[in-house]
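Presented below is the structure to which this report refers.
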Amino acid sequence: MRPRRTSKFLIEPAAVATGDIAFNLIVFFLVCASSEPDSGRRQDLPSSEKTKQEQKTDNIEISLTRTRNVVTVNGDPVRFEELEGRLRRLLTGKRRPEDRVVVVRSKPDTPYEHWIEVTALVQDLGASITIQREEERTVNVGP
Amino acid sequence: MKLKRRPMKADVPSTAMGDIAFNLLIFFVILARATDDSHLQWNPAKAKQLEGVKSSRCSVLIDRNNKLYLNGREIGQSQLSQAIDDLLGQAPAGQRTVLLKVHKEATAMYYEPVIEAIAQAGGEMVHILDEKR
């Protein structure tokens, strides 16, 4: 009978290759990191001349403050949970783009996360946004 | 008796090649980081129905200290509109995307003038946000 041949040699990876392995790992993680896509919400900004024509005196006006829970719509305080329903009612029957402009006024201490939440809601309802700043300059944000 | 001198072999050790490549890579990574804004600290706000952004001309960021950056470089509010206008140049519609990255706790005092500047420069603004679950 022939004895079975077993190898008991210690096999180690070549130390020369360590650098190359590290290099390839770094390239891999770099590619992974750079390919991570950004995601966000688009807000088209129509020219100010166009918006001046579109802006009317009877536009819906939303006022934002630091407090998230309460938003003022046309001067009436509305709870945030009820804002969508209120806006939907106010926009009902308004079909022309110039009628669907919502003026957003923010107190200087209004946090961005609150602002984006409200403006996203307005956009989702198909309205366009006009930002009215404290010093009465307006910026228009389309749907 | 005169002994013959043995010629010396002067090769670059191949072991060092990996290390050289590694150091070159780190060098270029640091160089690249100087022009993007990935080193800046900010937390995005959350929203629903987000879309992917494929390419952008420039990126405007307000960090957690309310400092303003254009493509990773600090800039003043008054210079922003002109700087964006220069970057956008004569790019046609659809290729004028400006990424807006605002720290979620930044206040209107800081982000509203920035939105205004992007609008003035004719940028197509995309708010960079996290998906709300």
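Following the order of the structure tokens, first chain is A, next is B, and so on, with residues numbered from 1 inside each chain and ligands from 1 in the order they appear.
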
Long-range neighbours of range 52-56 of chain B as a PyMOL selection string, 10 Å cut-off, only C-alpha atoms, 5 positions minimum in chain:
(chain A and resi 37-42) or (chain B and resi 88+94-99+124-128)

Could you write out the selected residues, including all heavy atoms, as a compact mmCIF listing (two decimals), in the first residue's frame?
# COMPACT_ATOMS: atom_id res chain seq x y z
N PRO A 37 -24.58 58.54 -4.56
CA PRO A 37 -25.27 59.67 -5.18
C PRO A 37 -25.94 60.58 -4.15
O PRO A 37 -26.37 60.13 -3.09
CB PRO A 37 -26.31 58.98 -6.05
CG PRO A 37 -26.56 57.67 -5.39
CD PRO A 37 -25.34 57.30 -4.62
N ASP A 38 -26.00 61.86 -4.49
CA ASP A 38 -26.74 62.80 -3.67
C ASP A 38 -28.21 62.69 -4.05
O ASP A 38 -28.54 62.43 -5.20
CB ASP A 38 -26.27 64.23 -3.96
CG ASP A 38 -24.97 64.55 -3.24
OD1 ASP A 38 -24.81 64.11 -2.09
OD2 ASP A 38 -24.12 65.23 -3.82
N SER A 39 -29.07 62.90 -3.07
CA SER A 39 -30.49 62.93 -3.38
C SER A 39 -31.10 64.17 -2.77
O SER A 39 -30.66 64.63 -1.71
CB SER A 39 -31.18 61.67 -2.86
OG SER A 39 -31.00 61.55 -1.47
N GLY A 40 -32.08 64.70 -3.45
CA GLY A 40 -32.66 65.93 -2.93
C GLY A 40 -33.93 66.32 -3.64
O GLY A 40 -34.52 65.52 -4.36
N ARG A 41 -34.36 67.54 -3.41
CA ARG A 41 -35.58 68.07 -4.02
C ARG A 41 -35.23 69.26 -4.90
O ARG A 41 -34.55 70.18 -4.45
CB ARG A 41 -36.58 68.52 -2.95
CG ARG A 41 -37.26 67.40 -2.23
CD ARG A 41 -38.35 67.95 -1.35
NE ARG A 41 -39.47 68.39 -2.15
CZ ARG A 41 -40.58 67.68 -2.32
NH1 ARG A 41 -40.71 66.52 -1.77
NH2 ARG A 41 -41.57 68.15 -3.05
N ARG A 42 -35.72 69.22 -6.11
CA ARG A 42 -35.45 70.30 -7.05
C ARG A 42 -36.46 71.42 -6.84
O ARG A 42 -37.64 71.18 -6.59
CB ARG A 42 -35.57 69.74 -8.47
CG ARG A 42 -35.11 70.66 -9.56
CD ARG A 42 -35.10 69.92 -10.89
NE ARG A 42 -34.01 68.98 -10.96
CZ ARG A 42 -32.78 69.30 -11.37
NH1 ARG A 42 -32.50 70.54 -11.73
NH2 ARG A 42 -31.83 68.40 -11.43
N LEU B 88 -21.47 79.14 -13.54
CA LEU B 88 -22.50 78.63 -14.46
C LEU B 88 -22.23 79.10 -15.89
O LEU B 88 -22.55 78.38 -16.84
CB LEU B 88 -23.89 79.07 -14.01
CG LEU B 88 -24.39 78.49 -12.68
CD1 LEU B 88 -25.76 79.07 -12.33
CD2 LEU B 88 -24.48 76.97 -12.73
N GLY B 94 -30.96 73.08 -17.80
CA GLY B 94 -30.79 71.64 -17.60
C GLY B 94 -29.37 71.29 -17.19
O GLY B 94 -29.12 70.21 -16.66
N GLN B 95 -28.47 72.24 -17.43
CA GLN B 95 -27.07 72.02 -17.01
C GLN B 95 -26.61 73.13 -16.08
O GLN B 95 -25.44 73.48 -16.05
CB GLN B 95 -26.17 71.97 -18.25
CG GLN B 95 -26.40 70.74 -19.08
CD GLN B 95 -25.59 70.77 -20.36
OE1 GLN B 95 -24.54 71.38 -20.46
NE2 GLN B 95 -26.08 70.10 -21.38
N ARG B 96 -27.57 73.71 -15.36
CA ARG B 96 -27.24 74.80 -14.44
C ARG B 96 -27.56 74.41 -12.99
O ARG B 96 -27.94 75.25 -12.18
CB ARG B 96 -28.01 76.06 -14.83
CG ARG B 96 -27.71 76.56 -16.24
CD ARG B 96 -28.52 77.79 -16.58
NE ARG B 96 -28.12 78.95 -15.81
CZ ARG B 96 -27.12 79.77 -16.14
NH1 ARG B 96 -26.43 79.54 -17.24
NH2 ARG B 96 -26.82 80.80 -15.39
N THR B 97 -27.42 73.12 -12.71
CA THR B 97 -27.78 72.63 -11.38
C THR B 97 -26.82 73.14 -10.31
O THR B 97 -25.60 73.05 -10.46
CB THR B 97 -27.80 71.08 -11.38
OG1 THR B 97 -28.68 70.65 -12.41
CG2 THR B 97 -28.26 70.52 -10.05
N VAL B 98 -27.41 73.66 -9.26
CA VAL B 98 -26.64 74.11 -8.09
C VAL B 98 -27.14 73.30 -6.89
O VAL B 98 -28.33 73.34 -6.57
CB VAL B 98 -26.82 75.62 -7.83
CG1 VAL B 98 -26.07 76.06 -6.59
CG2 VAL B 98 -26.38 76.44 -9.03
N LEU B 99 -26.24 72.57 -6.25
CA LEU B 99 -26.64 71.80 -5.08
C LEU B 99 -26.64 72.73 -3.87
O LEU B 99 -25.68 73.48 -3.66
CB LEU B 99 -25.68 70.64 -4.83
CG LEU B 99 -25.48 69.64 -5.96
CD1 LEU B 99 -24.55 68.51 -5.51
CD2 LEU B 99 -26.80 69.05 -6.42
N GLU B 124 -30.30 76.27 -11.16
CA GLU B 124 -31.41 75.33 -10.95
C GLU B 124 -31.12 74.62 -9.63
O GLU B 124 -30.27 73.75 -9.57
CB GLU B 124 -31.49 74.35 -12.12
CG GLU B 124 -31.90 75.05 -13.41
CD GLU B 124 -31.57 74.26 -14.67
OE1 GLU B 124 -30.98 73.18 -14.56
OE2 GLU B 124 -31.90 74.75 -15.76
N MET B 125 -31.83 75.05 -8.61
CA MET B 125 -31.49 74.66 -7.24
C MET B 125 -32.02 73.27 -6.87
O MET B 125 -33.17 72.96 -7.13
CB MET B 125 -32.05 75.70 -6.28
CG MET B 125 -31.63 75.53 -4.86
SD MET B 125 -32.10 76.96 -3.88
CE MET B 125 -33.85 77.01 -4.17
N VAL B 126 -31.14 72.49 -6.27
CA VAL B 126 -31.56 71.19 -5.72
C VAL B 126 -31.15 71.16 -4.24
O VAL B 126 -29.97 71.26 -3.92
CB VAL B 126 -30.91 70.00 -6.47
CG1 VAL B 126 -31.32 68.68 -5.83
CG2 VAL B 126 -31.29 70.00 -7.93
N HIS B 127 -32.14 71.05 -3.37
CA HIS B 127 -31.86 70.94 -1.93
C HIS B 127 -31.41 69.51 -1.65
O HIS B 127 -32.14 68.56 -1.94
CB HIS B 127 -33.13 71.22 -1.11
CG HIS B 127 -33.64 72.61 -1.25
ND1 HIS B 127 -33.32 73.60 -0.36
CD2 HIS B 127 -34.46 73.18 -2.17
CE1 HIS B 127 -33.92 74.72 -0.73
NE2 HIS B 127 -34.62 74.50 -1.82
N ILE B 128 -30.23 69.36 -1.11
CA ILE B 128 -29.74 68.01 -0.77
C ILE B 128 -30.28 67.63 0.61
O ILE B 128 -30.04 68.32 1.61
CB ILE B 128 -28.20 67.96 -0.81
CG1 ILE B 128 -27.72 68.28 -2.23
CG2 ILE B 128 -27.67 66.60 -0.37
CD1 ILE B 128 -28.22 67.37 -3.33

Long-range neighbours of Gln82 in chain B as a PyMOL selection string, 10 Å cut-off, only C-alpha atoms, 3 positions minimum in chain
chain B and resi 78-79+85-88+117-118+120-121

Just-selected residues, N, CA and C atoms written as a short mmCIF file (atom, residue, chain, number, x, y, z; two decimals), in the first residue's frame:
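Result file follows (part30.cif):
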data_model
loop_
_atom_site.label_atom_id
_atom_site.label_comp_id
_atom_site.auth_asym_id
_atom_site.auth_seq_id
_atom_site.Cartn_x
_atom_site.Cartn_y
_atom_site.Cartn_z
N SER B 78 -22.34 88.28 0.12
CA SER B 78 -22.41 89.32 -0.90
C SER B 78 -21.70 88.89 -2.20
N GLN B 79 -20.76 87.98 -2.09
CA GLN B 79 -20.00 87.55 -3.29
C GLN B 79 -20.63 86.33 -3.96
N ASP B 85 -22.69 82.81 -10.72
CA ASP B 85 -22.87 83.26 -12.11
C ASP B 85 -21.63 82.95 -12.95
N ASP B 86 -20.45 83.20 -12.38
CA ASP B 86 -19.19 82.91 -13.09
C ASP B 86 -19.05 81.41 -13.36
N LEU B 87 -19.42 80.61 -12.36
CA LEU B 87 -19.28 79.16 -12.52
C LEU B 87 -20.27 78.60 -13.54
N LEU B 88 -21.47 79.14 -13.54
CA LEU B 88 -22.50 78.63 -14.46
C LEU B 88 -22.23 79.10 -15.89
N ALA B 117 -29.57 84.34 -3.79
CA ALA B 117 -28.37 84.47 -4.63
C ALA B 117 -28.38 83.44 -5.75
N ILE B 118 -28.79 82.22 -5.43
CA ILE B 118 -28.84 81.17 -6.46
C ILE B 118 -29.88 81.53 -7.52
N GLN B 120 -30.86 84.56 -8.31
CA GLN B 120 -30.35 85.70 -9.09
C GLN B 120 -29.35 85.24 -10.16
N ALA B 121 -28.57 84.22 -9.82
CA ALA B 121 -27.55 83.73 -10.76
C ALA B 121 -28.16 82.80 -11.83
#

Using only C-alpha atoms, find which residues of chain B lie within 8 Å of chain A and jot them down as a PyMOL selection string.
chain B and resi 14-15+17-19+21-22+45-47+49-54+102-109+111-112+115-116+119+122-130

In range 53-86 of chain A, what's helix (DSSP H, G or I) per DSSP? Answer as a PDB file with N, CA, C and O atoms, in the first residue's frame?
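New file result.pdb:
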ATOM      1  N   GLN A  53     -45.333  89.336 -12.449  1.00  0.00           N
ATOM      2  CA  GLN A  53     -46.595  89.329 -13.189  1.00  0.00           C
ATOM      3  C   GLN A  53     -47.567  88.335 -12.562  1.00  0.00           C
ATOM      4  O   GLN A  53     -48.763  88.589 -12.484  1.00  0.00           O
ATOM      5  N   GLU A  54     -47.009  87.215 -12.111  1.00  0.00           N
ATOM      6  CA  GLU A  54     -47.867  86.156 -11.577  1.00  0.00           C
ATOM      7  C   GLU A  54     -48.397  86.485 -10.184  1.00  0.00           C
ATOM      8  O   GLU A  54     -49.470  86.069  -9.807  1.00  0.00           O
ATOM      9  N   PHE A  80     -49.529  72.104  12.391  1.00  0.00           N
ATOM     10  CA  PHE A  80     -48.805  71.559  11.234  1.00  0.00           C
ATOM     11  C   PHE A  80     -49.521  70.361  10.621  1.00  0.00           C
ATOM     12  O   PHE A  80     -49.556  70.206   9.404  1.00  0.00           O
ATOM     13  N   GLU A  81     -50.123  69.539  11.465  1.00  0.00           N
ATOM     14  CA  GLU A  81     -50.806  68.339  10.979  1.00  0.00           C
ATOM     15  C   GLU A  81     -52.004  68.711  10.085  1.00  0.00           C
ATOM     16  O   GLU A  81     -52.425  67.928   9.244  1.00  0.00           O
ATOM     17  N   GLU A  82     -52.574  69.902  10.326  1.00  0.00           N
ATOM     18  CA  GLU A  82     -53.760  70.323   9.567  1.00  0.00           C
ATOM     19  C   GLU A  82     -53.398  71.183   8.355  1.00  0.00           C
ATOM     20  O   GLU A  82     -54.279  71.572   7.581  1.00  0.00           O
ATOM     21  N   LEU A  83     -52.100  71.475   8.203  1.00  0.00           N
ATOM     22  CA  LEU A  83     -51.670  72.403   7.147  1.00  0.00           C
ATOM     23  C   LEU A  83     -51.991  71.883   5.743  1.00  0.00           C
ATOM     24  O   LEU A  83     -52.498  72.637   4.901  1.00  0.00           O
ATOM     25  N   GLU A  84     -51.743  70.610   5.509  1.00  0.00           N
ATOM     26  CA  GLU A  84     -51.966  70.047   4.176  1.00  0.00           C
ATOM     27  C   GLU A  84     -53.430  70.189   3.768  1.00  0.00           C
ATOM     28  O   GLU A  84     -53.733  70.626   2.655  1.00  0.00           O
ATOM     29  N   GLY A  85     -54.328  69.844   4.691  1.00  0.00           N
ATOM     30  CA  GLY A  85     -55.770  69.927   4.418  1.00  0.00           C
ATOM     31  C   GLY A  85     -56.188  71.360   4.149  1.00  0.00           C
ATOM     32  O   GLY A  85     -56.947  71.631   3.195  1.00  0.00           O
ATOM     33  N   ARG A  86     -55.667  72.278   4.963  1.00  0.00           N
ATOM     34  CA  ARG A  86     -56.022  73.691   4.806  1.00  0.00           C
ATOM     35  C   ARG A  86     -55.559  74.214   3.435  1.00  0.00           C
ATOM     36  O   ARG A  86     -56.316  74.872   2.725  1.00  0.00           O
TER      37      ARG A  86
END

Considering only C-alpha atoms, state which residue in the set B:Ala10, B:Ala91, B:Ile62, B:Ala16 is at the smallest distance from Pro44 in chain B.
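When distances to Pro44 in chain B are compared using only C-alpha atoms, the smallest one comes from B:Ile62.
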
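Put simply, CA of Lys132 in chain B is 16.2 Å away from CA of Lys101 in chain B.
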